[in-house]
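Containing mmCIF, C-alpha atoms: model_22.cif.
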data_model
loop_
_atom_site.group_PDB
_atom_site.id
_atom_site.type_symbol
_atom_site.label_atom_id
_atom_site.label_comp_id
_atom_site.auth_asym_id
_atom_site.auth_seq_id
_atom_site.Cartn_x
_atom_site.Cartn_y
_atom_site.Cartn_z
ATOM 1 C CA MET A 1 0.000 0.000 0.000
ATOM 2 C CA PRO A 2 1.344 3.471 -0.813
ATOM 3 C CA ASP A 3 2.432 5.783 2.005
ATOM 4 C CA LEU A 4 -0.013 8.424 0.812
ATOM 5 C CA VAL A 5 -2.885 8.431 -1.703
ATOM 6 C CA ILE A 6 -3.534 11.842 -3.256
ATOM 7 C CA CYS A 7 -6.721 12.331 -5.252
ATOM 8 C CA ASN A 8 -7.635 14.928 -7.844
ATOM 9 C CA THR A 9 -11.061 16.434 -8.491
ATOM 10 C CA SER A 10 -12.385 14.350 -11.393
ATOM 11 C CA PRO A 11 -11.985 10.917 -9.740
ATOM 12 C CA LEU A 12 -13.803 12.217 -6.659
ATOM 13 C CA PHE A 13 -16.526 13.779 -8.799
ATOM 14 C CA TYR A 14 -17.078 10.763 -11.048
ATOM 15 C CA LEU A 15 -16.908 8.118 -8.318
ATOM 16 C CA TYR A 16 -19.396 10.194 -6.328
ATOM 17 C CA GLN A 17 -21.692 10.479 -9.358
ATOM 18 C CA LEU A 18 -21.530 6.699 -9.782
ATOM 19 C CA GLY A 19 -22.355 6.129 -6.110
ATOM 20 C CA HIS A 20 -19.006 4.450 -5.525
ATOM 21 C CA LEU A 21 -16.916 7.044 -3.724
ATOM 22 C CA ASP A 22 -16.623 4.559 -0.861
ATOM 23 C CA VAL A 23 -14.341 2.300 -2.919
ATOM 24 C CA LEU A 24 -11.524 4.768 -2.265
ATOM 25 C CA GLN A 25 -11.821 4.128 1.459
ATOM 26 C CA LYS A 26 -12.160 0.381 0.934
ATOM 27 C CA LEU A 27 -9.075 0.274 -1.290
ATOM 28 C CA TYR A 28 -6.806 2.738 0.525
ATOM 29 C CA GLY A 29 -8.214 3.505 3.974
ATOM 30 C CA HIS A 30 -7.404 7.198 3.905
ATOM 31 C CA ILE A 31 -6.812 9.608 1.056
ATOM 32 C CA VAL A 32 -5.446 13.123 0.873
ATOM 33 C CA VAL A 33 -7.166 15.879 -1.062
ATOM 34 C CA PRO A 34 -5.261 19.097 -1.857
ATOM 35 C CA GLU A 35 -6.871 22.402 -0.929
ATOM 36 C CA ALA A 36 -7.252 23.312 -4.613
ATOM 37 C CA VAL A 37 -9.352 20.184 -5.181
ATOM 38 C CA VAL A 38 -11.690 21.221 -2.363
ATOM 39 C CA SER A 39 -11.965 24.655 -4.000
ATOM 40 C CA GLU A 40 -12.728 23.095 -7.385
ATOM 41 C CA LEU A 41 -15.454 20.927 -5.854
ATOM 42 C CA LYS A 42 -16.976 23.940 -4.106
ATOM 43 C CA ALA A 43 -16.934 25.857 -7.402
ATOM 44 C CA GLY A 44 -18.738 22.956 -9.071
ATOM 45 C CA GLN A 45 -21.307 22.907 -6.306
ATOM 46 C CA ALA A 46 -21.867 26.661 -6.723
ATOM 47 C CA GLN A 47 -22.612 25.952 -10.403
ATOM 48 C CA GLY A 48 -25.221 23.371 -9.433
ATOM 49 C CA GLU A 49 -23.113 20.224 -9.791
ATOM 50 C CA HIS A 50 -23.776 17.326 -7.426
ATOM 51 C CA VAL A 51 -20.363 16.956 -5.757
ATOM 52 C CA PRO A 52 -19.058 15.381 -2.554
ATOM 53 C CA ASP A 53 -18.526 17.484 0.548
ATOM 54 C CA ILE A 54 -15.038 16.415 1.603
ATOM 55 C CA SER A 55 -15.688 17.378 5.242
ATOM 56 C CA ALA A 56 -18.412 14.694 5.400
ATOM 57 C CA TYR A 57 -15.858 11.915 4.873
ATOM 58 C CA PRO A 58 -13.588 11.368 7.890
ATOM 59 C CA TRP A 59 -11.320 9.141 5.810
ATOM 60 C CA MET A 60 -10.406 12.114 3.570
ATOM 61 C CA ALA A 61 -7.887 14.664 4.794
ATOM 62 C CA VAL A 62 -7.292 18.043 3.211
ATOM 63 C CA ARG A 63 -3.613 18.893 2.898
ATOM 64 C CA SER A 64 -1.725 21.999 1.880
ATOM 65 C CA VAL A 65 1.298 21.888 -0.354
ATOM 66 C CA ARG A 66 4.310 22.319 1.944
ATOM 67 C CA ILE A 67 6.530 23.708 -0.821
ATOM 68 C CA PRO A 68 4.248 26.262 -2.535
ATOM 69 C CA TRP A 69 6.756 27.219 -5.229
ATOM 70 C CA LEU A 70 6.397 23.702 -6.650
ATOM 71 C CA VAL A 71 2.857 24.559 -7.732
ATOM 72 C CA ARG A 72 4.165 27.502 -9.778
ATOM 73 C CA LEU A 73 6.599 25.186 -11.573
ATOM 74 C CA ILE A 74 3.794 22.891 -12.689
ATOM 75 C CA THR A 75 2.184 24.869 -15.494
ATOM 76 C CA ASP A 76 -0.576 24.108 -18.007
ATOM 77 C CA PHE A 77 -2.795 22.453 -15.423
ATOM 78 C CA GLY A 78 -5.721 23.348 -13.264
ATOM 79 C CA ALA A 79 -4.920 24.138 -9.657
ATOM 80 C CA GLY A 80 -6.075 20.681 -8.552
ATOM 81 C CA GLU A 81 -3.727 18.780 -10.860
ATOM 82 C CA ALA A 82 -0.828 21.092 -9.960
ATOM 83 C CA GLU A 83 -1.336 20.571 -6.227
ATOM 84 C CA VAL A 84 -1.785 16.804 -6.608
ATOM 85 C CA LEU A 85 1.520 16.609 -8.480
ATOM 86 C CA ALA A 86 3.263 18.964 -6.027
ATOM 87 C CA LEU A 87 2.114 16.875 -3.042
ATOM 88 C CA ALA A 88 3.278 13.717 -4.800
ATOM 89 C CA LEU A 89 6.709 15.250 -5.410
ATOM 90 C CA GLU A 90 6.868 16.070 -1.691
ATOM 91 C CA GLU A 91 5.928 12.469 -0.822
ATOM 92 C CA PRO A 92 7.875 10.190 -3.192
ATOM 93 C CA HIS A 93 6.153 6.934 -2.163
ATOM 94 C CA SER A 94 2.667 8.225 -2.812
ATOM 95 C CA LEU A 95 0.010 7.191 -5.282
ATOM 96 C CA VAL A 96 -1.771 9.862 -7.305
ATOM 97 C CA ILE A 97 -5.272 9.430 -8.668
ATOM 98 C CA LEU A 98 -5.548 11.544 -11.825
ATOM 99 C CA ASP A 99 -7.581 11.427 -15.016
ATOM 100 C CA ASP A 100 -6.104 14.386 -16.924
ATOM 101 C CA ARG A 101 -3.900 13.066 -19.753
ATOM 102 C CA LEU A 102 -1.205 15.742 -19.513
ATOM 103 C CA ALA A 103 -1.021 15.480 -15.724
ATOM 104 C CA ARG A 104 -0.678 11.705 -16.044
ATOM 105 C CA GLU A 105 2.159 12.163 -18.531
ATOM 106 C CA VAL A 106 3.988 14.491 -16.133
ATOM 107 C CA ALA A 107 3.433 11.992 -13.314
ATOM 108 C CA ARG A 108 4.856 9.232 -15.515
ATOM 109 C CA LEU A 109 7.898 11.361 -16.413
ATOM 110 C CA GLN A 110 8.477 11.974 -12.703
ATOM 111 C CA ASN A 111 8.145 8.235 -11.967
ATOM 112 C CA LEU A 112 5.129 8.813 -9.752
ATOM 113 C CA ARG A 113 2.769 5.939 -9.070
ATOM 114 C CA MET A 114 -0.643 6.708 -10.498
ATOM 115 C CA THR A 115 -4.056 5.428 -11.365
ATOM 116 C CA GLY A 116 -7.295 7.006 -12.525
ATOM 117 C CA THR A 117 -11.026 6.586 -12.140
ATOM 118 C CA ALA A 118 -11.159 3.592 -14.499
ATOM 119 C CA GLY A 119 -8.203 1.986 -12.717
ATOM 120 C CA ILE A 120 -9.940 2.442 -9.371
ATOM 121 C CA LEU A 121 -13.040 0.704 -10.730
ATOM 122 C CA VAL A 122 -10.991 -2.206 -12.093
ATOM 123 C CA LYS A 123 -9.175 -2.606 -8.776
ATOM 124 C CA ALA A 124 -12.492 -2.404 -6.879
ATOM 125 C CA LYS A 125 -13.906 -5.172 -9.115
ATOM 126 C CA HIS A 126 -10.800 -7.296 -8.576
ATOM 127 C CA LYS A 127 -11.177 -6.891 -4.790
ATOM 128 C CA GLY A 128 -14.902 -7.707 -4.932
ATOM 129 C CA PHE A 129 -16.143 -4.238 -3.931
ATOM 130 C CA ILE A 130 -18.188 -3.840 -7.117
ATOM 131 C CA SER A 131 -19.795 -6.510 -9.274
ATOM 132 C CA ALA A 132 -19.006 -5.194 -12.770
ATOM 133 C CA VAL A 133 -16.900 -2.488 -14.396
ATOM 134 C CA ALA A 134 -18.407 -2.213 -17.894
ATOM 135 C CA PRO A 135 -21.765 -0.710 -16.836
ATOM 136 C CA LEU A 136 -19.953 1.850 -14.694
ATOM 137 C CA LEU A 137 -17.664 2.777 -17.590
ATOM 138 C CA ASN A 138 -20.755 3.270 -19.755
ATOM 139 C CA ASN A 139 -22.235 5.493 -17.032
ATOM 140 C CA LEU A 140 -18.989 7.491 -16.944
ATOM 141 C CA LEU A 141 -19.265 8.115 -20.686
ATOM 142 C CA GLN A 142 -22.845 9.317 -20.208
ATOM 143 C CA LEU A 143 -21.588 11.678 -17.497
ATOM 144 C CA GLY A 144 -19.085 13.195 -19.934
ATOM 145 C CA PHE A 145 -15.953 11.404 -18.720
#

Re-express the file's structure as structure tokens.
Amino acid sequence: MPDLVICNTSPLFYLYQLGHLDVLQKLYGHIVVPEAVVSELKAGQAQGEHVPDISAYPWMAVRSVRIPWLVRLITDFGAGEAEVLALALEEPHSLVILDDRLAREVARLQNLRMTGTAGILVKAKHKGFISAVAPLLNNLLQLGF
């Protein structure tokens, strides 16, 4: 198990929309959410999106980036992706959960461990936490994933 699991906005949003946000807790126990991700979720809620309230999940912890200048070095991303990557660079044995293609490429180039929403669903199926992946992937496509 990784030392730290750091999750970006879209996996939280989509797993919540699917009714399977709990698989993160089942798979990893605790996850860390950067402050920027909380802000992005709140912005989505203000626009009428149905999003999780991070404070309602005791197994999620909000964390600040300890080295703020790292975020400025990570360009071409939203604030959530930048903070996820910055936290992962601060914690080299972490796992990042990202869906954004460019952010995943940067994570790969930095040799960061990563997965995404689809990977979480596959792992949850393998562990017996969900019964099937294909219907959920179809639902993700309908949600605009």

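For the choices A:Lys26, A:Leu87, A:Pro92, A:Gly116, the atom-to-atom distance to Gly128 in chain A is smallest for A:Lys26 when using all atoms listed in the file.
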
Practice prompt. Please provide the set of residues having any atom within 10 Å of Cys7 in chain A, restricted to all atoms listed in the file, with same-chain residues fewer than 4 positions apart removed, written as a list of chain:residue names.
Written response: A:Pro11, A:Leu12, A:Leu24, A:Ile31, A:Val32, A:Val33, A:Pro34, A:Val37, A:Met60, A:Gly80, A:Glu81, A:Glu83, A:Val84, A:Leu85, A:Leu95, A:Val96, A:Ile97, A:Leu98, A:Asp99, A:Met114, A:Thr115, A:Gly116, A:Thr117

Worksheet item: What is the distance, in Å and to one decimal place, between CA of Ala132 in chain A and CA of Gly19 in chain A?
Response: 13.6 Å

Item to complete: Skip Ser94 in chain A itself and residues of its chain fewer than 4 positions away, then list as a VMD selection string all residues within 8 Å of it, counting all atoms listed in the file.
Response: chain A and resid 2 to 6 88 112 to 113

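If you look at CA of Pro135 in chain A and CA of Tyr14 in chain A, they are 13.7 Å away from each other.
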
Surrounding residues of Ala36 in chain A excluding itself and chain neighbours under 2 positions, 10 Å, all atoms listed in the file, as a PDB file with C-alpha atoms, in the coordinates of the input:
ATOM      1  CA  ASN A   8      -7.635  14.928  -7.844  1.00  0.00           C
ATOM      2  CA  THR A   9     -11.061  16.434  -8.491  1.00  0.00           C
ATOM      3  CA  VAL A  33      -7.166  15.879  -1.062  1.00  0.00           C
ATOM      4  CA  PRO A  34      -5.261  19.097  -1.857  1.00  0.00           C
ATOM      5  CA  VAL A  38     -11.690  21.221  -2.363  1.00  0.00           C
ATOM      6  CA  SER A  39     -11.965  24.655  -4.000  1.00  0.00           C
ATOM      7  CA  GLU A  40     -12.728  23.095  -7.385  1.00  0.00           C
ATOM      8  CA  LEU A  41     -15.454  20.927  -5.854  1.00  0.00           C
ATOM      9  CA  LYS A  42     -16.976  23.940  -4.106  1.00  0.00           C
ATOM     10  CA  VAL A  62      -7.292  18.043   3.211  1.00  0.00           C
ATOM     11  CA  ARG A  63      -3.613  18.893   2.898  1.00  0.00           C
ATOM     12  CA  SER A  64      -1.725  21.999   1.880  1.00  0.00           C
ATOM     13  CA  VAL A  65       1.298  21.888  -0.354  1.00  0.00           C
ATOM     14  CA  GLY A  78      -5.721  23.348 -13.264  1.00  0.00           C
ATOM     15  CA  ALA A  79      -4.920  24.138  -9.657  1.00  0.00           C
ATOM     16  CA  GLY A  80      -6.075  20.681  -8.552  1.00  0.00           C
ATOM     17  CA  GLU A  81      -3.727  18.780 -10.860  1.00  0.00           C
ATOM     18  CA  ALA A  82      -0.828  21.092  -9.960  1.00  0.00           C
ATOM     19  CA  GLU A  83      -1.336  20.571  -6.227  1.00  0.00           C
ATOM     20  CA  VAL A  84      -1.785  16.804  -6.608  1.00  0.00           C
TER      21      VAL A  84
END

Practice prompt. Could you check how far CA of Gly29 in chain A sits from CA of Ala56 in chain A, in Å to one decimal?
Written response: 15.2 Å

Give as a PDB file with C-alpha atoms, in the coordinates of the input the residues that the PyMOL selection byres ((chain A and resi 133) around 10) matches when applied to the coordinates above.
ATOM      1  CA  ALA A 118     -11.159   3.592 -14.499  1.00  0.00           C
ATOM      2  CA  GLY A 119      -8.203   1.986 -12.717  1.00  0.00           C
ATOM      3  CA  ILE A 120      -9.940   2.442  -9.371  1.00  0.00           C
ATOM      4  CA  LEU A 121     -13.040   0.704 -10.730  1.00  0.00           C
ATOM      5  CA  VAL A 122     -10.991  -2.206 -12.093  1.00  0.00           C
ATOM      6  CA  LYS A 123      -9.175  -2.606  -8.776  1.00  0.00           C
ATOM      7  CA  ALA A 124     -12.492  -2.404  -6.879  1.00  0.00           C
ATOM      8  CA  LYS A 125     -13.906  -5.172  -9.115  1.00  0.00           C
ATOM      9  CA  HIS A 126     -10.800  -7.296  -8.576  1.00  0.00           C
ATOM     10  CA  ILE A 130     -18.188  -3.840  -7.117  1.00  0.00           C
ATOM     11  CA  SER A 131     -19.795  -6.510  -9.274  1.00  0.00           C
ATOM     12  CA  ALA A 132     -19.006  -5.194 -12.770  1.00  0.00           C
ATOM     13  CA  ALA A 134     -18.407  -2.213 -17.894  1.00  0.00           C
ATOM     14  CA  PRO A 135     -21.765  -0.710 -16.836  1.00  0.00           C
ATOM     15  CA  LEU A 136     -19.953   1.850 -14.694  1.00  0.00           C
ATOM     16  CA  LEU A 137     -17.664   2.777 -17.590  1.00  0.00           C
ATOM     17  CA  ASN A 138     -20.755   3.270 -19.755  1.00  0.00           C
ATOM     18  CA  ASN A 139     -22.235   5.493 -17.032  1.00  0.00           C
TER      19      ASN A 139
END

Discussion item. Residue by residue, what does the PyMOL selection byres ((chain A and resi 51) around 7) grab here? Present the result as a VMD selection string.
Written reply: chain A and resid 13 16 41 45 49 to 50 52 to 53

C-alpha atoms of the current selection, written as a PDB file, keeping the file's coordinate frame:
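Everything below was put into out.pdb:
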ATOM      1  CA  PHE A  13     -16.526  13.779  -8.799  1.00  0.00           C
ATOM      2  CA  TYR A  16     -19.396  10.194  -6.328  1.00  0.00           C
ATOM      3  CA  LEU A  41     -15.454  20.927  -5.854  1.00  0.00           C
ATOM      4  CA  GLN A  45     -21.307  22.907  -6.306  1.00  0.00           C
ATOM      5  CA  GLU A  49     -23.113  20.224  -9.791  1.00  0.00           C
ATOM      6  CA  HIS A  50     -23.776  17.326  -7.426  1.00  0.00           C
ATOM      7  CA  PRO A  52     -19.058  15.381  -2.554  1.00  0.00           C
ATOM      8  CA  ASP A  53     -18.526  17.484   0.548  1.00  0.00           C
TER       9      ASP A  53
END

Worksheet item: For Phe129 in chain A, which of A:Leu27, A:Met1, A:Ile67, A:Leu109 is the closest residue, counting only C-alpha atoms?
Response: A:Leu27

Please, what is the axis-aligned box for every listed atom of range 20-37 of chain A with 4 Å on each side, as centre and edge lengths in Å to one decimal, as AutoDock Vina command-line options?
--center_x -12.1 --center_y 11.8 --center_z -0.8 --size_x 21.7 --size_y 31.0 --size_z 17.5

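Between Tyr57 in chain A and the candidates A:Leu140, A:His93, A:Asp76, A:Leu21, the tightest atom-to-atom separation, counting all atoms listed in the file, involves A:Leu21.
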
Emit range 100-128 of chain A of the structure in the block as a file comprising N, CA, C and O atoms, as a compact mmCIF listing (two decimals), in the first residue's frame.
# COMPACT_ATOMS: atom_id res chain seq x y z
N ASP A 100 -6.59 13.47 -15.89
CA ASP A 100 -6.10 14.39 -16.92
C ASP A 100 -4.88 13.79 -17.63
O ASP A 100 -3.90 13.41 -16.99
N ARG A 101 -4.96 13.71 -18.96
CA ARG A 101 -3.90 13.07 -19.75
C ARG A 101 -2.54 13.73 -19.57
O ARG A 101 -1.53 13.05 -19.36
N LEU A 102 -2.48 15.05 -19.65
CA LEU A 102 -1.21 15.74 -19.51
C LEU A 102 -0.64 15.57 -18.11
O LEU A 102 0.56 15.33 -17.94
N ALA A 103 -1.48 15.67 -17.11
CA ALA A 103 -1.02 15.48 -15.72
C ALA A 103 -0.49 14.06 -15.53
O ALA A 103 0.51 13.85 -14.84
N ARG A 104 -1.15 13.10 -16.14
CA ARG A 104 -0.68 11.71 -16.04
C ARG A 104 0.68 11.54 -16.73
O ARG A 104 1.54 10.80 -16.25
N GLU A 105 0.87 12.24 -17.83
CA GLU A 105 2.16 12.16 -18.53
C GLU A 105 3.27 12.76 -17.67
O GLU A 105 4.36 12.20 -17.58
N VAL A 106 3.00 13.89 -17.03
CA VAL A 106 3.99 14.49 -16.13
C VAL A 106 4.27 13.55 -14.97
O VAL A 106 5.42 13.35 -14.58
N ALA A 107 3.24 12.95 -14.41
CA ALA A 107 3.43 11.99 -13.31
C ALA A 107 4.31 10.82 -13.77
O ALA A 107 5.21 10.40 -13.05
N ARG A 108 4.05 10.34 -14.98
CA ARG A 108 4.86 9.23 -15.52
C ARG A 108 6.31 9.66 -15.67
O ARG A 108 7.24 8.94 -15.30
N LEU A 109 6.53 10.86 -16.22
CA LEU A 109 7.90 11.36 -16.41
C LEU A 109 8.63 11.55 -15.09
O LEU A 109 9.86 11.45 -15.04
N GLN A 110 7.89 11.81 -14.04
CA GLN A 110 8.48 11.97 -12.70
C GLN A 110 8.52 10.65 -11.93
O GLN A 110 8.85 10.65 -10.74
N ASN A 111 8.16 9.57 -12.59
CA ASN A 111 8.14 8.23 -11.97
C ASN A 111 7.24 8.16 -10.74
O ASN A 111 7.55 7.49 -9.76
N LEU A 112 6.11 8.87 -10.83
CA LEU A 112 5.13 8.81 -9.75
C LEU A 112 4.17 7.65 -10.00
O LEU A 112 3.81 7.39 -11.15
N ARG A 113 3.78 6.99 -8.95
CA ARG A 113 2.77 5.94 -9.07
C ARG A 113 1.43 6.61 -9.29
O ARG A 113 1.11 7.60 -8.63
N MET A 114 0.64 6.07 -10.21
CA MET A 114 -0.64 6.71 -10.50
C MET A 114 -1.67 5.69 -10.95
O MET A 114 -1.35 4.59 -11.40
N THR A 115 -2.91 6.13 -10.82
CA THR A 115 -4.06 5.43 -11.36
C THR A 115 -5.10 6.50 -11.67
O THR A 115 -4.85 7.67 -11.41
N GLY A 116 -6.22 6.07 -12.22
CA GLY A 116 -7.30 7.01 -12.52
C GLY A 116 -8.63 6.40 -12.13
O GLY A 116 -8.68 5.33 -11.51
N THR A 117 -9.69 7.06 -12.50
CA THR A 117 -11.03 6.59 -12.14
C THR A 117 -11.27 5.17 -12.66
O THR A 117 -11.74 4.30 -11.91
N ALA A 118 -10.95 4.93 -13.93
CA ALA A 118 -11.16 3.59 -14.50
C ALA A 118 -10.30 2.55 -13.77
O ALA A 118 -10.77 1.45 -13.48
N GLY A 119 -9.08 2.90 -13.45
CA GLY A 119 -8.20 1.99 -12.72
C GLY A 119 -8.74 1.66 -11.34
O GLY A 119 -8.63 0.52 -10.87
N ILE A 120 -9.32 2.66 -10.69
CA ILE A 120 -9.94 2.44 -9.37
C ILE A 120 -11.08 1.44 -9.50
O ILE A 120 -11.23 0.53 -8.68
N LEU A 121 -11.90 1.61 -10.54
CA LEU A 121 -13.04 0.70 -10.73
C LEU A 121 -12.56 -0.72 -11.00
O LEU A 121 -13.13 -1.68 -10.47
N VAL A 122 -11.53 -0.87 -11.80
CA VAL A 122 -10.99 -2.21 -12.09
C VAL A 122 -10.45 -2.84 -10.81
O VAL A 122 -10.72 -4.02 -10.53
N LYS A 123 -9.72 -2.07 -10.03
CA LYS A 123 -9.17 -2.61 -8.78
C LYS A 123 -10.30 -2.96 -7.80
O LYS A 123 -10.25 -3.99 -7.12
N ALA A 124 -11.34 -2.12 -7.75
CA ALA A 124 -12.49 -2.40 -6.88
C ALA A 124 -13.19 -3.69 -7.31
O ALA A 124 -13.63 -4.47 -6.47
N LYS A 125 -13.30 -3.93 -8.60
CA LYS A 125 -13.91 -5.17 -9.11
C LYS A 125 -13.04 -6.36 -8.71
O LYS A 125 -13.54 -7.38 -8.23
N HIS A 126 -11.74 -6.22 -8.91
CA HIS A 126 -10.80 -7.30 -8.58
C HIS A 126 -10.88 -7.66 -7.09
O HIS A 126 -10.79 -8.83 -6.72
N LYS A 127 -11.10 -6.66 -6.24
CA LYS A 127 -11.18 -6.89 -4.79
C LYS A 127 -12.58 -7.29 -4.35
O LYS A 127 -12.80 -7.58 -3.17
N GLY A 128 -13.55 -7.29 -5.27
CA GLY A 128 -14.90 -7.71 -4.93
C GLY A 128 -15.78 -6.61 -4.35
O GLY A 128 -16.85 -6.89 -3.80
